$ cat start_9.tsv   # TSV, C-alpha atoms
chain	number	residue	atom	x	y	z
J	1	MET	CA	182.13	120.33	105.29
J	2	ARG	CA	181.81	118.23	108.45
J	3	PHE	CA	179.20	115.49	108.81
J	4	LEU	CA	178.58	114.61	112.44
J	5	LEU	CA	176.18	111.85	113.42
J	6	ASP	CA	173.51	112.77	115.93
J	7	ALA	CA	173.23	111.07	119.31
J	8	GLU	CA	170.63	108.56	118.12
J	9	ARG	CA	172.77	107.31	115.24
J	10	ARG	CA	175.88	107.14	117.42
J	11	ALA	CA	173.92	105.05	119.90
J	12	PHE	CA	172.74	102.81	117.03
J	13	ALA	CA	176.36	102.28	115.95
J	14	ARG	CA	177.45	101.48	119.52
J	15	SER	CA	174.64	98.96	119.96
J	16	LEU	CA	175.60	97.16	116.75
J	17	ASP	CA	179.26	97.21	117.75
J	18	ALA	CA	178.46	95.67	121.13
J	19	MET	CA	176.19	93.02	119.62
J	20	LEU	CA	178.68	92.00	116.94
J	21	THR	CA	181.62	91.97	119.37
J	22	ALA	CA	179.74	89.45	121.49
J	23	ALA	CA	178.71	87.36	118.47
J	24	ASP	CA	182.20	86.14	117.43
J	25	THR	CA	181.83	87.21	113.81
J	26	PRO	CA	185.28	85.86	112.77
J	27	ALA	CA	184.06	82.32	113.52
J	28	ALA	CA	180.85	82.98	111.57
J	29	ALA	CA	182.85	84.33	108.62
J	30	ARG	CA	185.12	81.28	108.55
J	31	ALA	CA	182.13	78.95	108.70
J	32	TRP	CA	180.44	80.87	105.89
J	33	ALA	CA	183.55	80.56	103.72
J	34	SER	CA	183.49	76.78	104.20
J	35	GLY	CA	179.83	76.57	103.15
J	36	ASP	CA	178.36	76.32	106.67
J	37	HIS	CA	175.76	79.11	106.77
J	38	GLY	CA	174.31	78.27	110.19
J	39	PRO	CA	176.30	80.75	112.34
J	40	GLY	CA	175.91	83.43	109.68
J	41	ARG	CA	172.15	82.91	109.51
J	42	ALA	CA	171.94	83.22	113.30
J	43	LEU	CA	173.87	86.48	113.06
J	44	TRP	CA	171.56	87.61	110.26
J	45	GLY	CA	168.59	87.14	112.58
J	46	ARG	CA	170.18	89.36	115.24
J	47	LEU	CA	170.84	92.07	112.67
J	48	ALA	CA	167.23	91.86	111.52
J	49	ASP	CA	166.03	92.24	115.10
J	50	ALA	CA	168.19	95.37	115.32
J	51	GLY	CA	166.38	96.76	112.26
J	52	VAL	CA	169.32	96.74	109.85
J	53	PHE	CA	167.47	95.24	106.88
J	54	ALA	CA	164.44	97.48	107.35
J	55	LEU	CA	166.51	100.59	106.58
J	56	ALA	CA	165.99	100.31	102.81
J	57	VAL	CA	162.32	99.29	102.96
J	58	PRO	CA	159.44	101.84	103.01
J	59	GLU	CA	157.12	101.86	106.01
J	60	GLU	CA	154.17	100.79	103.86
J	61	PHE	CA	155.98	97.48	103.30
J	62	GLU	CA	156.79	96.95	106.99
J	63	GLY	CA	160.16	98.65	106.86
J	64	ALA	CA	161.67	101.62	108.68
J	65	GLY	CA	161.69	103.78	105.55
J	66	LEU	CA	164.36	104.56	102.98
J	67	LEU	CA	167.11	105.75	105.34
J	68	PRO	CA	170.46	105.80	103.51
J	69	VAL	CA	172.35	107.58	106.31
J	70	ASP	CA	171.24	105.03	108.91
J	71	MET	CA	172.03	102.26	106.46
J	72	ALA	CA	175.55	103.63	106.02
J	73	VAL	CA	176.00	103.76	109.81
J	74	ALA	CA	174.98	100.10	110.06
J	75	LEU	CA	177.14	98.91	107.16
J	76	VAL	CA	180.22	100.58	108.62
J	77	GLU	CA	179.78	98.46	111.73
J	78	LEU	CA	179.14	95.31	109.69
J	79	GLY	CA	182.37	95.97	107.80
J	80	ARG	CA	184.23	96.66	111.02
J	81	HIS	CA	183.25	93.20	112.26
J	82	ALA	CA	183.66	91.32	108.93
J	83	VAL	CA	180.03	90.16	108.91
J	84	PRO	CA	179.56	87.55	106.14
J	85	GLY	CA	176.69	87.28	103.71
J	86	PRO	CA	175.06	89.38	100.98
J	87	VAL	CA	174.19	92.32	103.21
J	88	VAL	CA	174.89	94.87	100.48
J	89	GLU	CA	172.82	92.93	97.96
J	90	THR	CA	169.91	92.60	100.38
J	91	VAL	CA	169.93	96.36	100.92
J	92	ALA	CA	170.10	96.93	97.16
J	93	ALA	CA	167.25	94.48	96.52
J	94	GLY	CA	165.10	96.35	98.99
J	95	ALA	CA	165.92	99.67	97.32
J	96	LEU	CA	165.15	98.23	93.87
J	97	LEU	CA	161.74	96.90	94.88
J	98	ALA	CA	160.91	100.11	96.73
J	99	ARG	CA	161.79	102.25	93.71
J	100	LEU	CA	159.79	99.95	91.47
J	101	ALA	CA	156.76	100.49	93.72
J	102	GLU	CA	157.24	104.26	93.47
J	103	LEU	CA	157.13	103.94	89.69
J	104	GLY	CA	153.83	102.06	89.75
J	105	GLU	CA	155.00	98.42	89.88
J	106	ALA	CA	153.98	97.61	93.45
J	107	ALA	CA	153.21	93.89	93.13
J	108	PRO	CA	156.81	92.61	93.56
J	109	ALA	CA	157.32	94.96	96.52
J	110	LYS	CA	154.17	93.76	98.29
J	111	ARG	CA	155.23	90.18	97.75
J	112	LEU	CA	158.90	90.39	98.74
J	113	LEU	CA	159.73	93.44	100.83
J	114	PRO	CA	158.11	92.45	104.16
J	115	SER	CA	160.23	89.30	104.39
J	116	LEU	CA	163.37	91.30	103.52
J	117	ALA	CA	162.65	93.88	106.21
J	118	ALA	CA	162.05	91.17	108.80
J	119	GLY	CA	165.26	89.32	107.92
J	120	GLU	CA	163.30	86.20	106.97
J	121	ALA	CA	164.72	86.36	103.43
J	122	VAL	CA	168.39	86.57	102.48
J	123	ALA	CA	168.59	88.27	99.10
J	124	THR	CA	171.20	88.47	96.42
J	125	LEU	CA	171.03	90.63	93.33
J	126	ALA	CA	172.73	90.61	89.94
J	127	LEU	CA	172.80	93.87	87.98
J	128	PRO	CA	174.82	94.90	84.93
J	129	GLU	CA	176.70	97.45	87.08
J	130	GLY	CA	177.75	94.71	89.48
J	131	GLY	CA	178.94	92.20	86.91
J	132	PRO	CA	177.55	88.80	85.91
J	133	PHE	CA	177.91	87.15	89.31
J	134	ALA	CA	175.61	87.18	92.32
J	135	LEU	CA	177.12	87.11	95.79
J	136	ASP	CA	176.28	84.09	97.98
J	137	ALA	CA	173.61	82.76	95.66
J	138	ASP	CA	173.95	79.39	97.37
J	139	ALA	CA	172.95	80.90	100.72
J	140	ALA	CA	170.27	83.30	99.47
J	141	THR	CA	166.59	82.47	99.67
J	142	LEU	CA	165.74	85.28	97.23
J	143	ARG	CA	167.77	85.63	94.02
J	144	LEU	CA	166.94	88.58	91.77
J	145	THR	CA	168.33	89.56	88.39
J	146	ALA	CA	167.63	92.81	86.56
J	147	ALA	CA	168.85	93.33	83.01
J	148	ASP	CA	167.46	94.54	79.68
J	149	GLY	CA	164.43	96.03	81.38
J	150	GLU	CA	163.39	92.77	83.05
J	151	LEU	CA	163.31	91.89	86.73
J	152	ARG	CA	163.37	88.15	87.27
J	153	LEU	CA	163.28	85.82	90.23
J	154	ALA	CA	166.13	83.38	89.64
J	155	GLY	CA	165.32	79.78	90.34
J	156	GLY	CA	168.89	78.56	90.82
J	157	HIS	CA	172.52	79.26	90.15
J	158	ALA	CA	175.57	77.84	88.44
J	159	ARG	CA	178.67	76.49	90.16
J	160	VAL	CA	179.80	78.50	93.19
J	161	GLU	CA	183.22	80.12	92.94
J	162	ARG	CA	185.29	81.94	95.53
J	163	SER	CA	186.37	85.52	95.15
J	164	LEU	CA	189.46	87.19	96.62
J	165	ASP	CA	187.61	87.00	99.92
J	166	PRO	CA	186.79	83.34	100.74
J	167	ALA	CA	183.67	84.49	102.59
J	168	ARG	CA	182.34	86.05	99.37
J	169	ARG	CA	181.07	83.16	97.26
J	170	LEU	CA	180.12	84.00	93.68
J	171	ALA	CA	177.78	82.29	91.22
J	172	ARG	CA	175.92	83.09	88.02
J	173	PRO	CA	172.16	83.09	88.74
J	174	ARG	CA	169.89	81.36	86.25
J	175	PRO	CA	167.04	83.61	85.06
J	176	GLY	CA	163.64	82.48	86.25
J	177	ASP	CA	160.14	83.88	86.64
J	178	LEU	CA	159.47	87.38	85.29
J	179	LEU	CA	158.39	89.79	88.04
J	180	ALA	CA	158.25	93.07	86.09
J	181	SER	CA	159.42	94.61	82.84
J	182	GLY	CA	159.70	97.96	81.13
J	183	PRO	CA	161.42	101.32	81.71
J	184	ALA	CA	160.51	101.27	85.41
J	185	VAL	CA	162.75	98.25	85.93
J	186	THR	CA	165.67	100.04	84.28
J	187	GLN	CA	165.22	103.08	86.52
J	188	ALA	CA	164.82	100.96	89.63
J	189	ALA	CA	167.92	98.93	88.79
J	190	ARG	CA	169.97	102.11	88.43
J	191	SER	CA	168.76	103.29	91.85
J	192	ALA	CA	169.60	99.89	93.36
J	193	ALA	CA	173.12	100.04	91.90
J	194	ASP	CA	173.66	103.40	93.63
J	195	TRP	CA	172.46	101.96	96.95
J	196	ALA	CA	174.74	98.95	96.47
J	197	SER	CA	177.74	101.17	95.76
J	198	LEU	CA	176.97	103.33	98.80
J	199	ALA	CA	176.55	100.28	101.04
J	200	THR	CA	179.81	98.80	99.74
J	201	ALA	CA	181.60	102.07	100.47
J	202	ALA	CA	180.29	101.99	104.04
J	203	GLN	CA	181.32	98.38	104.46
J	204	ALA	CA	184.79	99.17	103.09
J	205	LEU	CA	185.18	102.09	105.49
J	206	GLY	CA	184.37	99.78	108.39
J	207	VAL	CA	186.90	97.23	107.14
J	208	GLY	CA	189.57	99.92	106.94
J	209	LEU	CA	188.82	101.15	110.45
J	210	ALA	CA	189.09	97.61	111.81
J	211	LEU	CA	192.42	97.09	110.07
J	212	LEU	CA	193.75	100.34	111.48
J	213	ASP	CA	192.60	99.50	115.02
J	214	ARG	CA	194.13	96.02	114.89
J	215	THR	CA	197.39	97.29	113.46
J	216	VAL	CA	197.74	100.05	116.04
J	217	ALA	CA	197.20	97.49	118.80
J	218	TYR	CA	199.75	95.14	117.22
J	219	VAL	CA	202.55	97.69	116.77
J	220	LYS	CA	202.23	98.60	120.45
J	221	GLN	CA	203.02	94.98	121.35
J	222	ARG	CA	205.56	93.93	118.73
J	223	THR	CA	209.10	94.89	119.71
J	224	GLN	CA	212.29	95.36	117.74
J	225	PHE	CA	215.64	96.28	119.29
J	226	GLY	CA	213.82	96.16	122.63
J	227	THR	CA	211.32	98.86	121.63
J	228	PRO	CA	207.69	98.63	120.46
J	229	ILE	CA	207.71	99.28	116.72
J	230	GLY	CA	204.81	101.67	117.17
J	231	GLY	CA	207.32	104.18	118.51
J	232	PHE	CA	209.27	104.32	115.23
J	233	GLN	CA	208.63	107.42	113.14
J	234	ALA	CA	208.25	105.45	109.91
J	235	VAL	CA	205.50	103.33	111.48
J	236	LYS	CA	203.75	106.39	112.91
J	237	HIS	CA	203.81	108.11	109.53
J	238	ARG	CA	202.46	105.04	107.75
J	239	LEU	CA	199.55	104.70	110.15
J	240	ALA	CA	198.88	108.44	110.03
J	241	ASP	CA	198.51	108.18	106.24
J	242	VAL	CA	196.00	105.35	106.72
J	243	LEU	CA	194.01	107.40	109.22
J	244	ILE	CA	193.95	110.43	106.91
J	245	GLY	CA	192.62	108.30	104.05
J	246	LEU	CA	189.84	106.83	106.18
J	247	GLU	CA	188.87	110.18	107.69
J	248	PHE	CA	188.79	111.72	104.21
J	249	ALA	CA	186.42	108.98	103.04
J	250	ARG	CA	184.05	109.32	106.00
J	251	PRO	CA	182.47	112.71	105.08
J	252	LEU	CA	182.27	111.67	101.43
J	253	LEU	CA	180.30	108.59	102.52
J	254	PHE	CA	177.77	110.44	104.64
J	255	GLY	CA	177.55	113.29	102.16
J	256	ALA	CA	176.66	110.78	99.46
J	257	ALA	CA	174.11	109.18	101.79
J	258	LEU	CA	172.39	112.56	102.10
J	259	THR	CA	172.22	113.25	98.37
J	260	LEU	CA	172.26	109.80	96.74
J	261	GLU	CA	173.60	111.54	93.65
J	262	ARG	CA	175.45	109.07	91.43
J	263	ALA	CA	178.63	111.15	91.23
J	264	ASP	CA	178.67	111.64	95.01
J	265	VAL	CA	178.19	107.94	95.61
J	266	ALA	CA	180.99	107.14	93.16
J	267	ALA	CA	183.33	109.56	94.95
J	268	ALA	CA	182.55	107.92	98.29
J	269	LYS	CA	183.03	104.45	96.86
J	270	ALA	CA	186.38	105.31	95.30
J	271	ALA	CA	187.66	107.02	98.45
J	272	ALA	CA	186.48	104.34	100.88
J	273	GLY	CA	187.69	101.48	98.70
J	274	GLU	CA	191.14	102.97	98.26
J	275	ALA	CA	191.40	103.91	101.94
J	276	ALA	CA	190.51	100.37	103.03
J	277	TYR	CA	192.96	98.92	100.51
J	278	GLY	CA	195.67	101.24	101.83
J	279	ALA	CA	194.87	100.14	105.37
J	280	ALA	CA	195.19	96.51	104.27
J	281	ARG	CA	198.60	97.10	102.69
J	282	ALA	CA	199.87	98.87	105.79
J	283	ALA	CA	198.46	96.19	108.09
J	284	LEU	CA	200.09	93.43	106.10
J	285	GLN	CA	203.47	95.15	106.07
J	286	LEU	CA	203.47	96.07	109.76
J	287	HIS	CA	202.27	92.66	110.93
J	288	GLY	CA	205.07	90.93	109.06
J	289	ALA	CA	204.92	87.21	108.35
J	290	ILE	CA	201.95	86.53	110.62
J	291	GLY	CA	199.82	88.79	108.44
J	292	TYR	CA	200.17	86.31	105.57
J	293	THR	CA	198.66	83.39	107.47
J	294	ALA	CA	195.03	82.54	106.73
J	295	GLU	CA	194.58	81.24	110.28
J	296	TYR	CA	195.22	84.69	111.73
J	297	ASP	CA	191.98	86.70	111.98
J	298	LEU	CA	193.54	89.72	110.29
J	299	SER	CA	193.20	87.84	106.98
J	300	LEU	CA	189.41	88.17	107.16
J	301	TRP	CA	189.70	91.93	106.78
J	302	LEU	CA	192.70	91.90	104.43
J	303	THR	CA	190.91	89.84	101.80
J	304	LYS	CA	187.65	91.72	102.24
J	305	ALA	CA	189.33	95.07	101.68
J	306	ARG	CA	190.75	93.82	98.38
J	307	ALA	CA	187.41	92.38	97.25
J	308	LEU	CA	185.32	95.42	98.21
J	309	ARG	CA	187.69	97.75	96.36
J	310	GLY	CA	186.34	96.46	93.05
J	311	ALA	CA	182.82	95.40	94.07
J	312	TRP	CA	179.95	97.56	92.77
J	313	GLY	CA	182.29	99.93	90.98
J	314	SER	CA	186.05	99.73	90.49
J	315	PRO	CA	188.16	102.81	91.35
J	316	ALA	CA	188.50	103.62	87.64
J	317	GLU	CA	184.75	103.31	87.03
J	318	CYS	CA	183.96	105.46	90.04
J	319	ARG	CA	186.39	108.17	88.99
J	320	ARG	CA	184.85	108.20	85.53
J	321	LEU	CA	181.40	108.75	87.07
J	322	VAL	CA	182.74	111.55	89.26
J	323	LEU	CA	184.27	113.25	86.23
J	324	SER	CA	181.04	112.85	84.23
J	325	GLY	CA	179.08	114.39	87.10
J	326	ALA	CA	181.48	117.32	87.33
J	327	ARG	CA	181.17	117.97	83.60
J	328	ALA	CA	177.39	117.80	83.80
J	329	ARG	CA	177.32	120.35	86.63
J	330	ALA	CA	179.68	122.60	84.70
J	331	ARG	CA	177.34	122.51	81.69
J	332	GLU	CA	174.37	123.35	83.89
J	333	ALA	CA	176.26	126.31	85.37
J	334	ASP	CA	177.02	127.72	81.89
$ encode --input "start_9.tsv" --output "structure tokens"
Amino acid sequence: MRFLLDAERRAFARSLDAMLTAADTPAAARAWASGDHGPGRALWGRLADAGVFALAVPEEFEGAGLLPVDMAVALVELGRHAVPGPVVETVAAGALLARLAELGEAAPAKRLLPSLAAGEAVATLALPEGGPFALDADAATLRLTAADGELRLAGGHARVERSLDPARRLARPRPGDLLASGPAVTQAARSAADWASLATAAQALGVGLALLDRTVAYVKQRTQFGTPIGGFQAVKHRLADVLIGLEFARPLLFGAALTLERADVAAAKAAAGEAAYGAARAALQLHGAIGYTAEYDLSLWLTKARALRGAWGSPAECRRLVLSGARARAREAD
């Protein structure tokens, strides 16, 4: 099945691409990795003005509605430009609070969602499915934890640690004020985990596309034996494999955005994560020694591809969910 974006969504993607190209996101990502959040916060404000953070917030809370396809379109572009910050976690926090409101716990949503939609708050979220760490807790103004049927507003965090991607800073949030409790929190947290996995898949797809574009441009310039290496059959085949992997992941991503079924989301996450990781391996090999240098901008996408591969669902975990979903559908068909 083919999933083609309509003209409005293609225009949205182009506008984000143009804005982020002009914003010098590599410089913002390097500053973020060093602990300077100023350029990243300025970029965050531009994304908020473009409506990115309103895409997982219902209209009744000053958002654009729960629009997973549009969110996926936006996150692909953010991944393509290596935008720093807890964008996935902010999307997931919005989805969690929105689902909680649907289940009758509207107070936290009324209190927190308008500022998320407007980009005034930078949120991070810790869920059991995402591991014990919260991304960029030192930069976030809203830190949420959901576990054991309790949603809490964390008041602080433990020591910040770097992940495989220096621009992804991890910390354990300290539980704070109780916002809600009960079965509704458990259901909302599960929904938020699916949104986080979908958003991570979209971000990974964008990272893989950026790596492919940069590598194609590089092999056209780098020469060996007086010939651009992009003309060698082995190089062409390697890049063709990367393109196939990314194009295979794309329909899985937008198909999952349409259904939001857990197994579909897991399939998209596994495919996009592996495709981006494959793009990173090819980019590193074809760039040669320069690809290993942290000063070269390619490193921003190389490290992010590796980190996103395991974030919000490792390949093994995602495949297990896909298999469980297939078995469940088989039982229903019997």
$ axis_aligned_box --input "start_9.tsv" --around "range 141-147 of chain J" --padding-each-side "5 Å" --output "AutoDock Vina command-line options"
--center_x 167.3 --center_y 87.9 --center_z 91.3 --size_x 13.1 --size_y 20.9 --size_z 26.7
$ residues_around --input "start_9.tsv" --residues "range 244-247 of chain J" --least-positions-apart "2" --cutoff "7 Å" --atoms "all atoms listed in the file" --output "compact mmCIF listing (two decimals) with C-alpha atoms, keeping the file's coordinate frame"
# COMPACT_ATOMS: atom_id res chain seq x y z
CA LEU J 205 185.18 102.09 105.49
CA GLY J 208 189.57 99.92 106.94
CA ALA J 240 198.88 108.44 110.03
CA ASP J 241 198.51 108.18 106.24
CA VAL J 242 196.00 105.35 106.72
CA ALA J 249 186.42 108.98 103.04
CA ARG J 250 184.05 109.32 106.00
CA ALA J 272 186.48 104.34 100.88
CA ALA J 275 191.40 103.91 101.94
$ atom_distance --input "start_9.tsv" --atom1 "CA of Val322 in chain J" --atom2 "CA of Ala276 in chain J"
19.4 Å
$ closest_residue --input "start_9.tsv" --among "J:Ala196, J:Leu178, J:Ala333, J:Ala82" --to "Leu298 in chain J" --atoms "only C-alpha atoms"
J:Ala82
$ residues_near_point --input "start_9.tsv" --point "(169.9, 85.8, 101.6)" --cutoff "8 Å" --atoms "all atoms listed in the file" --output "list in words"
Gly85, Pro86, Val87, Thr90, Ala121, Val122, Ala123, Thr124, Asp136, Ala137, Ala139, Ala140, Thr141, Leu142 and Arg143 of chain J
$ write_last_selection --input "start_9.tsv" --atoms "C-alpha atoms" --output "short mmCIF file (atom, residue, chain, number, x, y, z; two decimals), in the frame of the given file"
data_model
loop_
_atom_site.label_atom_id
_atom_site.label_comp_id
_atom_site.auth_asym_id
_atom_site.auth_seq_id
_atom_site.Cartn_x
_atom_site.Cartn_y
_atom_site.Cartn_z
CA GLY J 85 176.69 87.28 103.71
CA PRO J 86 175.06 89.38 100.98
CA VAL J 87 174.19 92.32 103.21
CA THR J 90 169.91 92.60 100.38
CA ALA J 121 164.72 86.36 103.43
CA VAL J 122 168.39 86.57 102.48
CA ALA J 123 168.59 88.27 99.10
CA THR J 124 171.20 88.47 96.42
CA ASP J 136 176.28 84.09 97.98
CA ALA J 137 173.61 82.76 95.66
CA ALA J 139 172.95 80.90 100.72
CA ALA J 140 170.27 83.30 99.47
CA THR J 141 166.59 82.47 99.67
CA LEU J 142 165.74 85.28 97.23
CA ARG J 143 167.77 85.63 94.02
#
$ closest_residue --input "start_9.tsv" --among "J:Gly273, J:Pro175, J:Gly155, J:Gly231" --to "Phe248 in chain J" --atoms "all atoms listed in the file"
J:Gly273
$ residues_around --input "start_9.tsv" --residues "range 311-314 of chain J" --least-positions-apart "3" --cutoff "6 Å" --atoms "all atoms listed in the file" --output "list in words"
Gly130, Ser197, Leu308, Glu317 and Cys318 of chain J
$ residues_around --input "start_9.tsv" --residues "Ala48 in chain J" --least-positions-apart "5" --cutoff "12 Å" --atoms "all atoms listed in the file" --output "list in words"
Leu16, Arg41, Ala42, Leu43, Phe53, Ala54, Leu55, Gly63, Ala64, Ala74, Val87, Thr90, Val91, Pro114, Ser115, Leu116, Ala117, Ala118, Gly119, Glu120, Ala121 and Val122 of chain J
$ atom_distance --input "start_9.tsv" --atom1 "CA of Ala171 in chain J" --atom2 "CA of Ala279 in chain J"
28.5 Å
$ atom_distance --input "start_9.tsv" --atom1 "CA of Ala204 in chain J" --atom2 "CA of Ala109 in chain J"
28.6 Å
$ residues_around --input "start_9.tsv" --residues "Arg238 in chain J" --least-positions-apart "3" --cutoff "12 Å" --atoms "only C-alpha atoms" --output "PDB file with C-alpha atoms, in the frame of the given file"
ATOM      1  CA  LEU J 212     193.750 100.340 111.480  1.00  0.00           C
ATOM      2  CA  THR J 215     197.390  97.290 113.460  1.00  0.00           C
ATOM      3  CA  VAL J 216     197.740 100.050 116.040  1.00  0.00           C
ATOM      4  CA  VAL J 219     202.550  97.690 116.770  1.00  0.00           C
ATOM      5  CA  ILE J 229     207.710  99.280 116.720  1.00  0.00           C
ATOM      6  CA  GLY J 230     204.810 101.670 117.170  1.00  0.00           C
ATOM      7  CA  GLY J 231     207.320 104.180 118.510  1.00  0.00           C
ATOM      8  CA  PHE J 232     209.270 104.320 115.230  1.00  0.00           C
ATOM      9  CA  GLN J 233     208.630 107.420 113.140  1.00  0.00           C
ATOM     10  CA  ALA J 234     208.250 105.450 109.910  1.00  0.00           C
ATOM     11  CA  VAL J 235     205.500 103.330 111.480  1.00  0.00           C
ATOM     12  CA  ASP J 241     198.510 108.180 106.240  1.00  0.00           C
ATOM     13  CA  VAL J 242     196.000 105.350 106.720  1.00  0.00           C
ATOM     14  CA  LEU J 243     194.010 107.400 109.220  1.00  0.00           C
ATOM     15  CA  ILE J 244     193.950 110.430 106.910  1.00  0.00           C
ATOM     16  CA  GLY J 245     192.620 108.300 104.050  1.00  0.00           C
ATOM     17  CA  GLY J 278     195.670 101.240 101.830  1.00  0.00           C
ATOM     18  CA  ALA J 279     194.870 100.140 105.370  1.00  0.00           C
ATOM     19  CA  ALA J 280     195.190  96.510 104.270  1.00  0.00           C
ATOM     20  CA  ARG J 281     198.600  97.100 102.690  1.00  0.00           C
ATOM     21  CA  ALA J 282     199.870  98.870 105.790  1.00  0.00           C
ATOM     22  CA  ALA J 283     198.460  96.190 108.090  1.00  0.00           C
ATOM     23  CA  LEU J 284     200.090  93.430 106.100  1.00  0.00           C
ATOM     24  CA  GLN J 285     203.470  95.150 106.070  1.00  0.00           C
ATOM     25  CA  LEU J 286     203.470  96.070 109.760  1.00  0.00           C
TER      26      LEU J 286
END
$ closest_residue --input "start_9.tsv" --among "J:Pro166, J:Gly288, J:Pro183, J:Gly149" --to "Tyr218 in chain J" --atoms "all atoms listed in the file"
J:Gly288
